[in-house]
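Data from input21.cif: mmCIF, C-alpha atoms
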```cif
data_entry
loop_
_atom_site.label_atom_id
_atom_site.label_comp_id
_atom_site.auth_asym_id
_atom_site.auth_seq_id
_atom_site.Cartn_x
_atom_site.Cartn_y
_atom_site.Cartn_z
CA PRO A 80 1.27 -19.70 -10.26
CA PRO A 81 4.94 -20.42 -9.61
CA THR A 82 7.00 -17.66 -8.08
CA ARG A 83 9.47 -17.96 -10.93
CA ALA A 84 6.82 -16.85 -13.44
CA LEU A 85 5.71 -13.77 -11.51
CA GLY A 86 8.49 -12.76 -9.13
CA ARG A 87 11.87 -12.18 -10.73
CA SER A 88 13.64 -12.31 -7.36
CA PRO A 89 13.17 -13.73 -3.84
CA ARG A 90 11.72 -10.32 -2.95
CA ALA A 91 8.42 -11.35 -4.55
CA PRO A 92 7.47 -14.60 -2.80
CA PRO A 93 3.92 -15.99 -2.92
CA LEU A 94 1.55 -16.24 0.01
CA SER A 95 1.75 -19.23 2.27
CA THR A 96 -1.22 -21.58 2.66
CA LEU A 97 -2.16 -19.68 5.81
CA GLY A 98 -1.73 -16.40 3.97
CA HIS A 99 -4.30 -17.49 1.40
CA ARG A 100 -6.76 -18.39 4.15
CA GLN A 101 -6.23 -15.00 5.76
CA ALA A 102 -6.72 -13.26 2.41
CA ARG A 103 -10.05 -15.03 1.91
CA GLN A 104 -11.19 -14.05 5.39
CA LEU A 105 -10.17 -10.45 4.80
CA GLY A 106 -11.90 -10.41 1.43
CA THR A 107 -15.15 -11.75 2.85
CA ALA A 108 -15.22 -9.27 5.72
CA ALA A 109 -14.18 -6.25 3.64
CA ALA A 110 -16.64 -7.07 0.84
CA ALA A 111 -19.53 -7.26 3.31
CA THR A 112 -18.57 -3.89 4.81
CA LEU A 113 -18.13 -2.18 1.44
CA LYS A 114 -21.41 -3.53 0.09
CA ARG A 115 -23.24 -2.14 3.11
CA ARG A 116 -21.52 1.20 2.65
CA GLY A 117 -22.33 1.42 -1.03
CA GLY A 118 -20.67 3.54 -3.69
CA ALA A 119 -17.91 2.81 -6.16
CA VAL A 120 -14.83 0.89 -5.04
CA ARG A 121 -11.40 1.14 -6.60
CA VAL A 122 -8.62 -1.30 -5.72
CA LEU A 123 -4.96 -0.35 -6.15
CA SER A 124 -2.18 -2.81 -5.40
CA SER A 125 1.55 -3.07 -5.11
CA PRO A 126 2.80 -5.12 -8.10
CA TYR A 127 4.35 -7.74 -5.82
CA LEU A 128 2.88 -11.23 -6.01
CA ARG A 129 1.69 -11.61 -2.42
CA CYS A 130 -0.21 -8.32 -2.56
CA LEU A 131 -2.02 -9.38 -5.74
CA GLN A 132 -2.89 -12.70 -4.13
CA THR A 133 -4.06 -11.01 -0.93
CA ILE A 134 -6.52 -8.63 -2.55
CA THR A 135 -7.87 -10.87 -5.33
CA PRO A 136 -10.62 -12.41 -3.11
CA LEU A 137 -11.99 -8.92 -2.42
CA CYS A 138 -11.91 -8.00 -6.11
CA ASP A 139 -13.72 -11.24 -6.94
CA ALA A 140 -16.36 -10.65 -4.28
CA LEU A 141 -17.03 -7.11 -5.51
CA ASP A 142 -16.46 -7.87 -9.21
CA VAL A 143 -14.08 -4.92 -9.63
CA PRO A 144 -10.78 -4.53 -11.54
CA LEU A 145 -7.41 -4.77 -9.81
CA GLU A 146 -5.13 -1.89 -10.69
CA LEU A 147 -1.36 -1.90 -10.32
CA TYR A 148 -0.08 1.03 -8.27
CA PRO A 149 3.73 0.73 -8.06
CA GLU A 150 4.02 3.79 -5.81
CA ILE A 151 3.14 1.49 -2.90
CA ALA A 152 5.53 -1.29 -3.93
CA GLU A 153 7.87 -3.07 -1.53
CA VAL A 154 10.95 -1.37 -0.10
CA LEU A 155 14.03 -1.28 -2.37
CA HIS A 156 11.67 -1.52 -5.30
CA HIS A 157 12.85 -1.73 -8.86
CA PRO A 158 10.69 -2.83 -11.83
CA ARG A 159 13.03 -5.76 -12.46
CA ASN A 160 11.98 -7.25 -9.11
CA VAL A 161 8.53 -8.12 -10.44
CA ALA A 162 7.28 -9.85 -13.56
CA PRO A 163 5.93 -7.79 -16.48
CA TYR A 164 2.24 -7.04 -16.67
CA ALA A 165 1.65 -9.56 -19.48
CA GLU A 166 2.90 -12.43 -17.31
CA ARG A 167 0.88 -11.37 -14.28
CA PHE A 168 -2.29 -10.97 -16.33
CA GLN A 169 -2.24 -14.69 -17.20
CA TYR A 170 -2.90 -15.47 -13.53
CA PHE A 171 -4.72 -12.29 -12.46
CA PRO A 172 -7.14 -11.44 -15.29
CA ARG A 173 -8.69 -8.61 -13.30
CA LEU A 174 -5.43 -6.67 -13.60
CA VAL A 175 -5.38 -3.27 -15.23
CA ASP A 176 -1.93 -2.23 -16.41
CA ARG A 177 -0.22 0.95 -15.28
CA ALA A 178 3.27 2.28 -15.94
CA ASP A 179 5.78 2.06 -13.11
CA PRO A 180 6.88 5.60 -12.13
CA HIS A 181 10.28 4.33 -10.94
CA THR A 182 13.05 6.56 -12.27
CA GLY A 183 16.71 5.75 -12.66
CA ASP A 184 18.61 2.48 -12.92
CA ASP A 185 19.27 1.89 -9.22
CA GLU A 186 17.07 0.59 -6.46
CA GLU A 187 15.91 3.17 -3.96
CA THR A 188 17.71 3.44 -0.64
CA TRP A 189 16.33 2.06 2.60
CA PRO A 190 14.95 3.56 4.71
CA LEU A 191 15.45 7.11 3.43
CA GLY A 192 14.47 6.62 -0.21
CA TYR A 193 11.43 4.57 0.70
CA LEU A 194 10.24 7.11 3.25
CA GLU A 195 10.53 9.86 0.65
CA ARG A 196 8.43 7.73 -1.71
CA MET A 197 5.71 7.28 0.91
CA ALA A 198 5.56 11.03 1.54
CA ALA A 199 5.16 11.69 -2.19
CA THR A 200 2.57 8.92 -2.47
CA GLU A 201 0.37 10.56 0.16
CA TRP A 202 0.66 13.91 -1.56
CA ASN A 203 -0.19 12.40 -4.92
CA LEU A 204 -3.14 10.36 -3.65
CA THR A 205 -4.66 13.30 -1.80
CA GLU A 206 -4.23 15.63 -4.77
CA LEU A 207 -5.78 13.20 -7.23
CA LEU A 208 -8.67 12.24 -4.96
CA ASP A 209 -9.43 15.89 -4.23
CA ALA A 210 -9.56 16.63 -7.95
CA GLU A 211 -12.44 14.18 -8.29
CA LEU A 212 -14.30 15.21 -5.13
CA GLY A 213 -17.99 15.51 -5.79
CA ARG A 214 -18.27 12.76 -8.40
CA GLY A 215 -19.94 10.42 -5.96
CA ARG A 216 -19.10 8.57 -2.81
CA SER A 217 -16.38 5.95 -3.22
CA THR A 218 -13.74 3.89 -1.48
CA VAL A 219 -10.15 3.40 -2.54
CA VAL A 220 -8.44 0.24 -1.30
CA LEU A 221 -4.64 0.21 -1.25
CA THR A 222 -2.81 -3.09 -0.87
CA SER A 223 0.80 -2.71 0.17
CA HIS A 224 3.48 -3.91 2.58
CA ALA A 225 4.20 -3.49 6.28
CA ALA A 226 6.62 -0.61 5.74
CA SER A 227 3.77 1.42 4.26
CA VAL A 228 2.78 2.20 7.83
CA ALA A 229 4.89 5.28 6.99
CA LEU A 230 2.08 6.25 4.61
CA VAL A 231 -0.35 5.90 7.52
CA SER A 232 1.78 8.36 9.49
CA ARG A 233 1.72 10.81 6.59
CA LEU A 234 -2.05 10.52 6.04
CA LEU A 235 -2.77 11.18 9.69
CA GLY A 236 -0.14 13.90 10.00
CA VAL A 237 1.46 12.25 13.01
CA GLU A 238 5.06 11.39 13.78
CA LEU A 239 6.18 7.93 12.71
CA THR A 240 7.22 6.09 15.86
CA VAL A 241 8.07 2.52 16.80
CA ASP A 242 4.56 2.16 18.23
CA LEU A 243 2.85 2.59 14.84
CA LYS A 244 2.57 -0.95 13.49
CA PHE A 245 0.99 -2.96 10.68
CA ALA A 246 -0.30 -6.48 11.35
CA PRO A 247 -0.20 -9.27 8.74
CA CYS A 248 -3.37 -8.81 6.68
CA GLY A 249 -4.11 -5.74 8.81
CA ALA A 250 -6.35 -2.97 7.47
CA TYR A 251 -6.18 0.71 8.31
CA VAL A 252 -9.38 2.58 7.45
CA PHE A 253 -9.48 6.36 6.95
CA ALA A 254 -12.25 8.77 6.00
CA ARG A 255 -12.89 12.42 5.42
CA ASP A 256 -15.97 14.37 4.39
CA ALA A 257 -14.65 17.13 2.16
CA LYS A 258 -11.62 18.39 0.31
CA GLY A 259 -9.06 19.83 2.69
CA ASP A 260 -10.40 18.01 5.72
CA ALA A 261 -7.98 15.99 7.80
CA TRP A 262 -8.15 12.23 7.42
CA ARG A 263 -9.87 10.49 10.34
CA LEU A 264 -8.73 7.08 11.51
CA LEU A 265 -11.72 4.73 11.67
CA ARG A 266 -9.82 1.50 12.20
CA SER A 267 -6.24 0.68 13.13
CA GLY A 268 -4.32 -1.96 11.20
CA ASP A 269 -2.13 -3.02 14.12
CA SER A 270 -4.36 -6.08 14.54
CA ASN A 271 -6.14 -8.34 12.06
CA ALA A 272 -8.84 -9.39 14.54
CA PRO A 273 -11.70 -10.20 14.33
CA TYR A 274 -11.79 -11.11 10.65
CA VAL A 275 -8.61 -13.23 10.67
CA THR A 276 -9.00 -16.23 12.98
CA GLU A 277 -5.53 -17.76 12.70
CA ASN A 278 -2.02 -16.31 12.73
CA ALA A 279 1.40 -17.89 12.34
CA LYS A 280 3.61 -17.94 15.42
CA THR A 281 6.41 -16.42 13.33
CA THR A 282 4.46 -13.34 12.19
CA TYR A 283 3.66 -10.23 14.19
CA PRO A 284 2.65 -6.57 13.73
CA TRP A 285 5.61 -4.81 12.10
CA GLY A 286 6.95 -1.38 12.97
CA TYR A 287 10.00 0.74 12.23
CA LYS A 288 13.09 0.09 14.31
CA PRO A 289 14.46 3.07 16.26
CA GLN A 290 17.62 3.18 14.14
CA TYR A 291 15.57 3.70 10.97
CA LEU A 292 13.74 6.64 12.50
CA GLU A 293 16.95 8.09 13.89
CA LYS A 294 18.60 7.87 10.48
CA TRP A 295 15.82 10.03 9.04
CA ALA A 296 16.24 12.59 11.83
CA GLU A 297 20.02 12.65 11.46
CA THR A 298 19.80 13.45 7.75
CA HIS A 299 16.94 15.96 8.09
CA GLY A 300 18.22 18.38 10.70
CA GLY A 301 16.64 16.56 13.62
CA GLN A 302 13.16 16.57 12.11
CA ARG A 303 11.05 13.49 12.75
CA TYR A 304 9.31 11.76 9.87
CA PRO A 305 7.26 12.86 7.97
CA ARG A 306 8.74 16.33 8.51
CA GLY A 307 11.60 17.14 6.20
CA ALA A 308 10.35 15.15 3.19
CA SER A 309 11.48 16.67 -0.11
CA TYR A 310 8.74 15.09 -2.27
CA GLU A 311 11.35 14.41 -4.93
CA TRP A 312 9.21 11.55 -6.24
CA LEU A 313 6.29 13.80 -7.17
CA SER A 314 7.52 14.51 -10.68
CA ALA A 315 7.44 10.77 -11.40
CA PHE A 316 3.83 10.56 -10.21
CA ARG A 317 2.33 13.30 -12.36
CA GLY A 318 -0.20 12.02 -14.86
CA ALA A 319 -1.34 9.09 -12.73
CA ASN A 320 -5.09 8.59 -12.93
CA LEU A 321 -7.29 7.99 -9.91
CA ALA A 322 -10.55 8.94 -11.53
CA ARG A 323 -12.91 8.71 -8.57
CA GLN A 324 -13.54 10.76 -5.47
CA GLY A 325 -12.29 9.13 -2.32
CA GLU A 326 -14.17 9.83 0.87
CA ALA A 327 -12.74 6.73 2.45
CA SER A 328 -9.41 5.02 2.01
CA VAL A 329 -8.52 1.50 3.13
CA SER A 330 -4.91 0.38 3.37
CA VAL A 331 -4.17 -3.35 3.56
CA GLN A 332 -0.80 -4.91 4.36
CA LYS A 333 0.56 -8.23 3.20
#
```
Show the structure stored in the file as structure tokens.
Amino acid sequence: PPTRALGRSPRAPPLSTLGHRQARQLGTAAAATLKRRGGAVRVLSSPYLRCLQTITPLCDALDVPLELYPEIAEVLHHPRNVAPYAERFQYFPRLVDRADPHTGDDEETWPLGYLERMAATEWNLTELLDAELGRGRSTVVLTSHAASVALVSRLLGVELTVDLKFAPCGAYVFARDAKGDAWRLLRSGDSNAPYVTENAKTTYPWGYKPQYLEKWAETHGGQRYPRGASYEWLSAFRGANLARQGEASVSVQK
């Protein structure tokens, strides 16, 4: 589909030809792993075009719906940056609609507003998954953007540093056995090997620049992210529905 139909601004470009090949390789590898593991799979995606294109091969391989989850949208997100659900559904018929929790008329700030959103997203995901614990083993797949490595930091409870990176089509895999347990890192997403066999010379694992991390510390009394988060986004997230228990979580970047 043309970018004009789905992305209302240059912030929602489509995948390149190589990106589509990488997405198919990721989908094949992830589907094989998830089928061996068993249990229900739920796929949540940023509403941006390249994320929908990236995760569609996996949804097709597993024959599961693709749910919009705007909480993990691109930085500086605003609903006007992406096409309405009705337009996207024409090209992605697996899509399940979901309201965008964005509040206010302005785009969020970068990096502070985005980092606050990621902190609230972790809180919300953990709370909702815990509420359904015991309903059966399942996997939740999140498809987002490189900057969501901040969410990785929050899930693991570790400081966000310049060394924490997200590769193109990388996949972080987390697991835990019971409510209240700490998330365990099973796979790092700082590399897309071995399932991706070709990378562009112009792409690389992305991480936060020192000045972004320093800006957080300067405005939060010297605390390093994720410490100091206010969770101001939580009120916008209430009522979201993640109706399955999540023993394992997979986060994919595109």
- Message: Running the PyMOL selection byres ((chain A and resi 230-237) around 7) on this model by hand, what would come out? Give it as number ranges by chain.
- Response: A: 197-198, 201, 227-229, 238-239, 262, 305
- Query: Quick one, how far is CA of Ser309 (chain A) from CA of Ala296 (chain A)?
  - Reply: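 Separating CA of Ser309 (chain A) from CA of Ala296 (chain A) is a distance of 13.5 Å.
With all atoms listed in the file taken into account, the protein and nucleic acid residues at most 8 Å from Thr188 (chain A) (excluding it and anything under 4 positions from it in its own chain) are Leu155, Gly192 and Tyr193 of chain A.
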- Point-to-point distance from CA of Gln169 (chain A) to CA of Val220 (chain A), Å rounded to tenths: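 Calculated distance between CA of Gln169 (chain A) and CA of Val220 (chain A) is 22.7 Å.
Of the listed residues (A:Leu97, A:Leu292, A:Val143, A:Leu191), A:Leu292 comes nearest to Asp242 (chain A); the distances count all atoms listed in the file.
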